[in-house]
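Asks: Contents of coords13.txt (compact mmCIF, N, CA and C atoms) are below:
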```txt
# COMPACT_ATOMS: atom_id res chain seq x y z
N MET A 30 232.27 -41.40 -5.88
CA MET A 30 231.79 -40.11 -5.39
C MET A 30 230.69 -39.56 -6.30
N LYS A 31 230.91 -39.73 -7.61
CA LYS A 31 229.94 -39.23 -8.56
C LYS A 31 228.61 -39.97 -8.43
N THR A 32 228.68 -41.26 -8.18
CA THR A 32 227.46 -42.06 -8.03
C THR A 32 226.69 -41.66 -6.78
N LEU A 33 227.39 -41.43 -5.70
CA LEU A 33 226.74 -41.01 -4.45
C LEU A 33 226.07 -39.65 -4.61
N LEU A 34 226.77 -38.71 -5.22
CA LEU A 34 226.18 -37.38 -5.44
C LEU A 34 224.98 -37.46 -6.38
N THR A 35 225.07 -38.31 -7.40
CA THR A 35 223.95 -38.48 -8.32
C THR A 35 222.74 -39.06 -7.60
N LEU A 36 222.96 -40.03 -6.73
CA LEU A 36 221.87 -40.62 -5.96
C LEU A 36 221.23 -39.60 -5.02
N ILE A 37 222.05 -38.81 -4.36
CA ILE A 37 221.52 -37.79 -3.43
C ILE A 37 220.68 -36.76 -4.17
N VAL A 38 221.20 -36.26 -5.29
CA VAL A 38 220.46 -35.25 -6.06
C VAL A 38 219.17 -35.84 -6.62
N THR A 39 219.21 -37.09 -7.08
CA THR A 39 218.01 -37.72 -7.61
C THR A 39 216.94 -37.88 -6.53
N LEU A 40 217.33 -38.31 -5.34
CA LEU A 40 216.36 -38.47 -4.26
C LEU A 40 215.76 -37.14 -3.83
N ILE A 41 216.60 -36.12 -3.73
CA ILE A 41 216.09 -34.80 -3.32
C ILE A 41 215.16 -34.23 -4.38
N SER A 42 215.53 -34.33 -5.66
CA SER A 42 214.67 -33.78 -6.71
C SER A 42 213.38 -34.57 -6.84
N ALA A 43 213.43 -35.88 -6.62
CA ALA A 43 212.20 -36.68 -6.66
C ALA A 43 211.26 -36.30 -5.52
N SER A 44 211.83 -35.99 -4.36
CA SER A 44 210.97 -35.58 -3.25
C SER A 44 210.32 -34.23 -3.53
N TYR A 45 211.04 -33.30 -4.16
CA TYR A 45 210.43 -32.02 -4.51
C TYR A 45 209.34 -32.19 -5.56
N VAL A 46 209.57 -33.06 -6.54
CA VAL A 46 208.56 -33.29 -7.57
C VAL A 46 207.30 -33.90 -6.97
N SER A 47 207.46 -34.91 -6.12
CA SER A 47 206.29 -35.54 -5.53
C SER A 47 205.56 -34.58 -4.58
N TYR A 48 206.31 -33.81 -3.80
CA TYR A 48 205.69 -32.85 -2.89
C TYR A 48 204.94 -31.78 -3.69
N GLY A 49 205.56 -31.26 -4.73
CA GLY A 49 204.90 -30.24 -5.55
C GLY A 49 203.65 -30.77 -6.23
N ALA A 50 203.69 -32.01 -6.68
CA ALA A 50 202.51 -32.59 -7.33
C ALA A 50 201.37 -32.76 -6.34
N VAL A 51 201.68 -33.17 -5.13
CA VAL A 51 200.64 -33.32 -4.11
C VAL A 51 200.02 -31.97 -3.75
N VAL A 52 200.84 -30.93 -3.64
CA VAL A 52 200.32 -29.60 -3.29
C VAL A 52 199.46 -29.05 -4.43
N VAL A 53 199.88 -29.25 -5.67
CA VAL A 53 199.14 -28.69 -6.80
C VAL A 53 197.77 -29.35 -6.95
N VAL A 54 197.66 -30.65 -6.74
CA VAL A 54 196.38 -31.33 -6.94
C VAL A 54 195.49 -31.34 -5.70
N SER A 55 195.96 -30.78 -4.59
CA SER A 55 195.14 -30.79 -3.37
C SER A 55 194.00 -29.79 -3.48
N ASN A 56 192.96 -30.05 -2.72
CA ASN A 56 191.76 -29.19 -2.74
C ASN A 56 191.84 -28.12 -1.66
N ASN A 57 191.11 -27.05 -1.90
CA ASN A 57 190.93 -25.96 -0.92
C ASN A 57 192.26 -25.38 -0.44
N THR A 58 193.12 -25.05 -1.37
CA THR A 58 194.38 -24.40 -1.01
C THR A 58 194.38 -22.99 -1.58
N SER A 59 195.16 -22.14 -0.95
CA SER A 59 195.23 -20.76 -1.42
C SER A 59 196.09 -20.67 -2.68
N LEU A 60 195.98 -19.56 -3.37
CA LEU A 60 196.73 -19.36 -4.59
C LEU A 60 198.24 -19.36 -4.31
N LEU A 61 198.64 -18.77 -3.20
CA LEU A 61 200.06 -18.74 -2.84
C LEU A 61 200.59 -20.15 -2.61
N THR A 62 199.80 -21.01 -2.01
CA THR A 62 200.22 -22.38 -1.77
C THR A 62 200.32 -23.16 -3.07
N VAL A 63 199.40 -22.93 -4.00
CA VAL A 63 199.47 -23.59 -5.31
C VAL A 63 200.70 -23.12 -6.08
N ILE A 64 201.00 -21.84 -6.02
CA ILE A 64 202.22 -21.32 -6.67
C ILE A 64 203.46 -21.95 -6.04
N TYR A 65 203.44 -22.07 -4.74
CA TYR A 65 204.53 -22.72 -4.00
C TYR A 65 204.71 -24.16 -4.46
N GLY A 66 203.62 -24.88 -4.65
CA GLY A 66 203.69 -26.26 -5.13
C GLY A 66 204.22 -26.32 -6.55
N MET A 67 203.82 -25.38 -7.40
CA MET A 67 204.33 -25.37 -8.78
C MET A 67 205.82 -25.07 -8.83
N VAL A 68 206.27 -24.16 -7.97
CA VAL A 68 207.70 -23.86 -7.92
C VAL A 68 208.48 -25.06 -7.39
N ALA A 69 207.94 -25.77 -6.41
CA ALA A 69 208.59 -26.97 -5.90
C ALA A 69 208.68 -28.03 -7.00
N LEU A 70 207.62 -28.20 -7.75
CA LEU A 70 207.61 -29.13 -8.87
C LEU A 70 208.63 -28.74 -9.93
N ALA A 71 208.65 -27.46 -10.29
CA ALA A 71 209.60 -26.98 -11.30
C ALA A 71 211.03 -27.09 -10.80
N TYR A 72 211.26 -26.83 -9.52
CA TYR A 72 212.60 -26.94 -8.95
C TYR A 72 213.10 -28.38 -9.01
N GLY A 73 212.26 -29.32 -8.65
CA GLY A 73 212.65 -30.72 -8.70
C GLY A 73 212.98 -31.17 -10.12
N MET A 74 212.15 -30.77 -11.08
CA MET A 74 212.41 -31.15 -12.47
C MET A 74 213.65 -30.46 -13.02
N LEU A 75 213.86 -29.20 -12.65
CA LEU A 75 215.05 -28.48 -13.13
C LEU A 75 216.33 -29.09 -12.56
N VAL A 76 216.30 -29.45 -11.30
CA VAL A 76 217.49 -30.06 -10.69
C VAL A 76 217.80 -31.40 -11.35
N PHE A 77 216.76 -32.20 -11.63
CA PHE A 77 216.99 -33.47 -12.30
C PHE A 77 217.52 -33.26 -13.72
N THR A 78 216.99 -32.27 -14.43
CA THR A 78 217.48 -31.94 -15.77
C THR A 78 218.92 -31.46 -15.70
N ALA A 79 219.23 -30.62 -14.74
CA ALA A 79 220.61 -30.15 -14.57
C ALA A 79 221.55 -31.30 -14.24
N LEU A 80 221.07 -32.27 -13.49
CA LEU A 80 221.87 -33.44 -13.18
C LEU A 80 222.19 -34.24 -14.43
N VAL A 81 221.19 -34.44 -15.27
CA VAL A 81 221.41 -35.18 -16.52
C VAL A 81 222.41 -34.45 -17.40
N TYR A 82 222.25 -33.14 -17.54
CA TYR A 82 223.20 -32.36 -18.35
C TYR A 82 224.59 -32.35 -17.74
N ALA A 83 224.67 -32.30 -16.42
CA ALA A 83 225.99 -32.30 -15.77
C ALA A 83 226.68 -33.64 -15.95
N LEU A 84 225.91 -34.72 -16.00
CA LEU A 84 226.52 -36.03 -16.24
C LEU A 84 226.96 -36.20 -17.69
N ARG A 85 226.23 -35.62 -18.62
CA ARG A 85 226.56 -35.77 -20.04
C ARG A 85 227.57 -34.71 -20.50
N LYS A 86 227.34 -33.48 -20.10
CA LYS A 86 228.21 -32.37 -20.51
C LYS A 86 228.53 -31.56 -19.26
N SER A 87 229.69 -31.02 -19.21
CA SER A 87 230.07 -30.22 -18.04
C SER A 87 229.65 -28.77 -18.26
N ARG A 88 228.41 -28.46 -17.91
CA ARG A 88 227.88 -27.10 -18.08
C ARG A 88 227.69 -26.48 -16.71
N LEU A 89 228.58 -25.61 -16.34
CA LEU A 89 228.49 -24.96 -15.04
C LEU A 89 227.40 -23.88 -15.00
N SER A 90 226.91 -23.44 -16.18
CA SER A 90 225.86 -22.42 -16.20
C SER A 90 224.54 -22.97 -15.68
N LEU A 91 224.34 -24.28 -15.74
CA LEU A 91 223.12 -24.87 -15.21
C LEU A 91 223.04 -24.71 -13.70
N ASN A 92 224.18 -24.66 -13.05
CA ASN A 92 224.19 -24.48 -11.60
C ASN A 92 223.58 -23.14 -11.22
N LEU A 93 223.75 -22.13 -12.05
CA LEU A 93 223.15 -20.83 -11.80
C LEU A 93 221.62 -20.93 -11.78
N TRP A 94 221.04 -21.66 -12.73
CA TRP A 94 219.59 -21.81 -12.78
C TRP A 94 219.07 -22.60 -11.59
N VAL A 95 219.82 -23.61 -11.17
CA VAL A 95 219.43 -24.38 -9.98
C VAL A 95 219.44 -23.48 -8.75
N ASN A 96 220.45 -22.62 -8.64
CA ASN A 96 220.54 -21.72 -7.49
C ASN A 96 219.42 -20.68 -7.50
N ILE A 97 219.10 -20.13 -8.66
CA ILE A 97 218.07 -19.10 -8.75
C ILE A 97 216.70 -19.68 -8.39
N LEU A 98 216.36 -20.83 -8.97
CA LEU A 98 215.06 -21.41 -8.65
C LEU A 98 215.01 -21.91 -7.22
N GLY A 99 216.13 -22.36 -6.69
CA GLY A 99 216.17 -22.75 -5.28
C GLY A 99 215.91 -21.56 -4.37
N LEU A 100 216.46 -20.40 -4.73
CA LEU A 100 216.21 -19.18 -3.96
C LEU A 100 214.75 -18.76 -4.04
N VAL A 101 214.16 -18.86 -5.23
CA VAL A 101 212.75 -18.54 -5.39
C VAL A 101 211.89 -19.48 -4.54
N PHE A 102 212.23 -20.78 -4.56
CA PHE A 102 211.49 -21.74 -3.75
C PHE A 102 211.60 -21.39 -2.27
N PHE A 103 212.79 -21.05 -1.82
CA PHE A 103 212.99 -20.73 -0.41
C PHE A 103 212.23 -19.48 0.00
N ILE A 104 212.22 -18.47 -0.85
CA ILE A 104 211.47 -17.24 -0.56
C ILE A 104 209.97 -17.54 -0.48
N LEU A 105 209.47 -18.36 -1.42
CA LEU A 105 208.06 -18.73 -1.36
C LEU A 105 207.75 -19.57 -0.13
N PHE A 106 208.69 -20.41 0.30
CA PHE A 106 208.50 -21.18 1.53
C PHE A 106 208.33 -20.25 2.72
N ILE A 107 209.15 -19.21 2.78
CA ILE A 107 209.04 -18.24 3.87
C ILE A 107 207.69 -17.52 3.79
N MET A 108 207.27 -17.13 2.57
CA MET A 108 206.00 -16.43 2.42
C MET A 108 204.83 -17.30 2.84
N VAL A 109 204.84 -18.58 2.45
CA VAL A 109 203.75 -19.48 2.81
C VAL A 109 203.75 -19.73 4.32
N ALA A 110 204.93 -19.84 4.92
CA ALA A 110 205.01 -20.06 6.36
C ALA A 110 204.45 -18.86 7.12
N VAL A 111 204.77 -17.66 6.68
CA VAL A 111 204.27 -16.46 7.33
C VAL A 111 202.77 -16.29 7.06
N ASP A 112 202.33 -16.63 5.83
CA ASP A 112 200.92 -16.51 5.48
C ASP A 112 200.07 -17.52 6.25
N SER A 113 200.64 -18.66 6.59
CA SER A 113 199.90 -19.69 7.34
C SER A 113 199.77 -19.36 8.80
N GLY A 114 200.44 -18.33 9.25
CA GLY A 114 200.35 -17.93 10.65
C GLY A 114 201.33 -18.67 11.54
N ILE A 115 202.37 -19.21 10.95
CA ILE A 115 203.37 -19.90 11.75
C ILE A 115 204.26 -18.84 12.39
N VAL A 116 204.00 -18.52 13.62
CA VAL A 116 204.78 -17.53 14.32
C VAL A 116 205.21 -18.15 15.64
N SER A 117 206.43 -18.62 15.67
CA SER A 117 206.97 -19.21 16.89
C SER A 117 208.49 -19.24 16.77
N GLY A 118 209.11 -19.78 17.78
CA GLY A 118 210.57 -19.89 17.76
C GLY A 118 211.07 -21.01 16.87
N HIS A 119 210.16 -21.84 16.38
CA HIS A 119 210.55 -22.97 15.54
C HIS A 119 210.68 -22.59 14.06
N GLU A 120 210.39 -21.35 13.73
CA GLU A 120 210.48 -20.94 12.33
C GLU A 120 211.90 -21.05 11.79
N LEU A 121 212.86 -20.69 12.60
CA LEU A 121 214.25 -20.74 12.15
C LEU A 121 214.67 -22.16 11.81
N SER A 122 214.28 -23.12 12.61
CA SER A 122 214.63 -24.51 12.31
C SER A 122 213.92 -24.98 11.04
N GLY A 123 212.71 -24.51 10.81
CA GLY A 123 212.00 -24.84 9.58
C GLY A 123 212.66 -24.25 8.36
N PHE A 124 213.15 -23.02 8.49
CA PHE A 124 213.82 -22.38 7.37
C PHE A 124 215.15 -23.07 7.06
N VAL A 125 215.86 -23.47 8.10
CA VAL A 125 217.13 -24.19 7.90
C VAL A 125 216.87 -25.54 7.25
N THR A 126 215.82 -26.22 7.70
CA THR A 126 215.46 -27.51 7.13
C THR A 126 215.06 -27.37 5.67
N ALA A 127 214.40 -26.28 5.30
CA ALA A 127 214.01 -26.06 3.91
C ALA A 127 215.21 -25.68 3.06
N ALA A 128 216.18 -24.98 3.64
CA ALA A 128 217.34 -24.52 2.86
C ALA A 128 218.39 -25.61 2.67
N LEU A 129 218.44 -26.56 3.57
CA LEU A 129 219.48 -27.58 3.52
C LEU A 129 219.48 -28.40 2.22
N PRO A 130 218.34 -28.95 1.75
CA PRO A 130 218.38 -29.69 0.49
C PRO A 130 218.74 -28.82 -0.71
N ILE A 131 218.36 -27.55 -0.66
CA ILE A 131 218.68 -26.65 -1.77
C ILE A 131 220.19 -26.44 -1.84
N VAL A 132 220.81 -26.26 -0.70
CA VAL A 132 222.27 -26.08 -0.65
C VAL A 132 222.98 -27.38 -1.06
N ILE A 133 222.48 -28.51 -0.60
CA ILE A 133 223.08 -29.80 -0.98
C ILE A 133 222.99 -30.00 -2.49
N ASN A 134 221.83 -29.69 -3.08
CA ASN A 134 221.69 -29.82 -4.54
C ASN A 134 222.66 -28.91 -5.28
N ALA A 135 222.77 -27.68 -4.85
CA ALA A 135 223.66 -26.74 -5.53
C ALA A 135 225.11 -27.20 -5.48
N ILE A 136 225.55 -27.64 -4.32
CA ILE A 136 226.93 -28.10 -4.19
C ILE A 136 227.16 -29.38 -4.98
N SER A 137 226.18 -30.30 -4.94
CA SER A 137 226.34 -31.57 -5.65
C SER A 137 226.38 -31.39 -7.15
N ILE A 138 225.50 -30.56 -7.70
CA ILE A 138 225.51 -30.31 -9.15
C ILE A 138 226.81 -29.67 -9.56
N LYS A 139 227.32 -28.75 -8.76
CA LYS A 139 228.59 -28.10 -9.08
C LYS A 139 229.74 -29.12 -9.08
N LYS A 140 229.75 -30.01 -8.08
CA LYS A 140 230.80 -31.03 -8.01
C LYS A 140 230.71 -32.03 -9.15
N ILE A 141 229.47 -32.45 -9.49
CA ILE A 141 229.30 -33.40 -10.59
C ILE A 141 229.72 -32.78 -11.92
N ALA A 142 229.39 -31.51 -12.13
CA ALA A 142 229.79 -30.84 -13.37
C ALA A 142 231.30 -30.67 -13.45
N ALA A 143 231.95 -30.54 -12.29
CA ALA A 143 233.41 -30.37 -12.29
C ALA A 143 234.16 -31.69 -12.46
N LEU A 144 233.51 -32.83 -12.15
CA LEU A 144 234.19 -34.12 -12.27
C LEU A 144 234.34 -34.57 -13.69
```
Using the file provided, produce a representation of the structure as structure tokens.
Replies:
Amino acid sequence: MKTLLTLIVTLISASYVSYGAVVVVSNNTSLLTVIYGMVALAYGMLVFTALVYALRKSRLSLNLWVNILGLVFFILFIMVAVDSGIVSGHELSGFVTAALPIVINAISIKKIAAL
């Protein structure tokens, strides 16, 4: 179980790091989008760091930092979506899709720290 959760968290955090790096180095983007990319990059690195600490030491306080930065990322995702002019009925599915990996990471880090 621990190996599966570790693999899931590693894949999700690697995707956030790669996505954030692509957004930060892209050309002709707004300041809000660059900030969004930096937060995605920081979130991915923080989750991976929290995973390493959870595997070595059982520190439940790291889960708080993962949750806080995940919330900041989600709020910035909503701001970028609204700033981009995405106004349709599909926004809710986009928000759920963006929140799902954050929730999976939070639950997985908590379970790994408890094991």
Asks: Name the closest residue to A:Leu61 among the candidates A:Ile141, A:Asn96, A:Met108, A:Thr32; distances are taken between atoms, counting all atoms listed in the file.
Replies: A:Met108
Asks: Need to verify the contact set: stretch 98-106 of chain A, 8 Å, all atoms listed in the file, exclusion of same-chain residues closer than 6 positions in sequence. Can you return it as a list in words?
Replies: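 Using all atoms listed in the file, the neighbours found are Leu61, Ile64, Tyr65, Val68, Ala69, Ala71, Tyr72, Asn92, Asp112, Phe124, Ala127, Ala128, Ile131 and Val132 of chain A.
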Asks: Name all residues at most 7 Å from A:Thr62 (count all atoms listed in the file; drop same-chain ones fewer than 6 positions away) and give them as a PyMOL selection string.
Replies: chain A and resi 52-53+109
Asks: Write out as JSON, numbers by chain all residues of chain A that backbone DSSP assigns to helix (DSSP H, G or I).
Replies: {"A": [31, 32, 33, 34, 35, 36, 37, 38, 39, 40, 41, 42, 43, 44, 45, 46, 47, 48, 49, 50, 51, 52, 53, 54, 60, 61, 62, 63, 64, 65, 66, 67, 68, 69, 70, 71, 72, 73, 74, 75, 76, 77, 78, 79, 80, 81, 82, 83, 84, 85, 90, 91, 92, 93, 94, 95, 96, 97, 98, 99, 100, 101, 102, 103, 104, 105, 106, 107, 108, 109, 110, 111, 112, 120, 121, 122, 123, 124, 125, 126, 127, 128, 129, 130, 131, 132, 133, 134, 135, 136, 137, 138, 139, 140, 141, 142, 143]}
Asks: To one decimal place, how far is atom CA of A:Leu60 from atom CA of A:Tyr48 in Å?
Replies: 16.3 Å
Asks: Record the distance separating atom CA of A:Ser137 and atom CA of A:Val63, expressed in Å with one decimal.
Replies: 28.0 Å
Asks: Can you work out the spacing between atom CA of A:Lys139 and atom C of A:Leu70 in Å, to one decimal?
Replies: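 Spanning atom CA of A:Lys139 to atom C of A:Leu70 is a straight-line distance of 20.0 Å.
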Asks: Name the closest residue to A:Ser47 among the candidates A:Leu129, A:Ala143, A:Leu80, A:Met74; distances are taken between atoms, counting all atoms listed in the file.
Replies: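 Nearest candidate to A:Ser47 out of A:Leu129, A:Ala143, A:Leu80, A:Met74: A:Met74.
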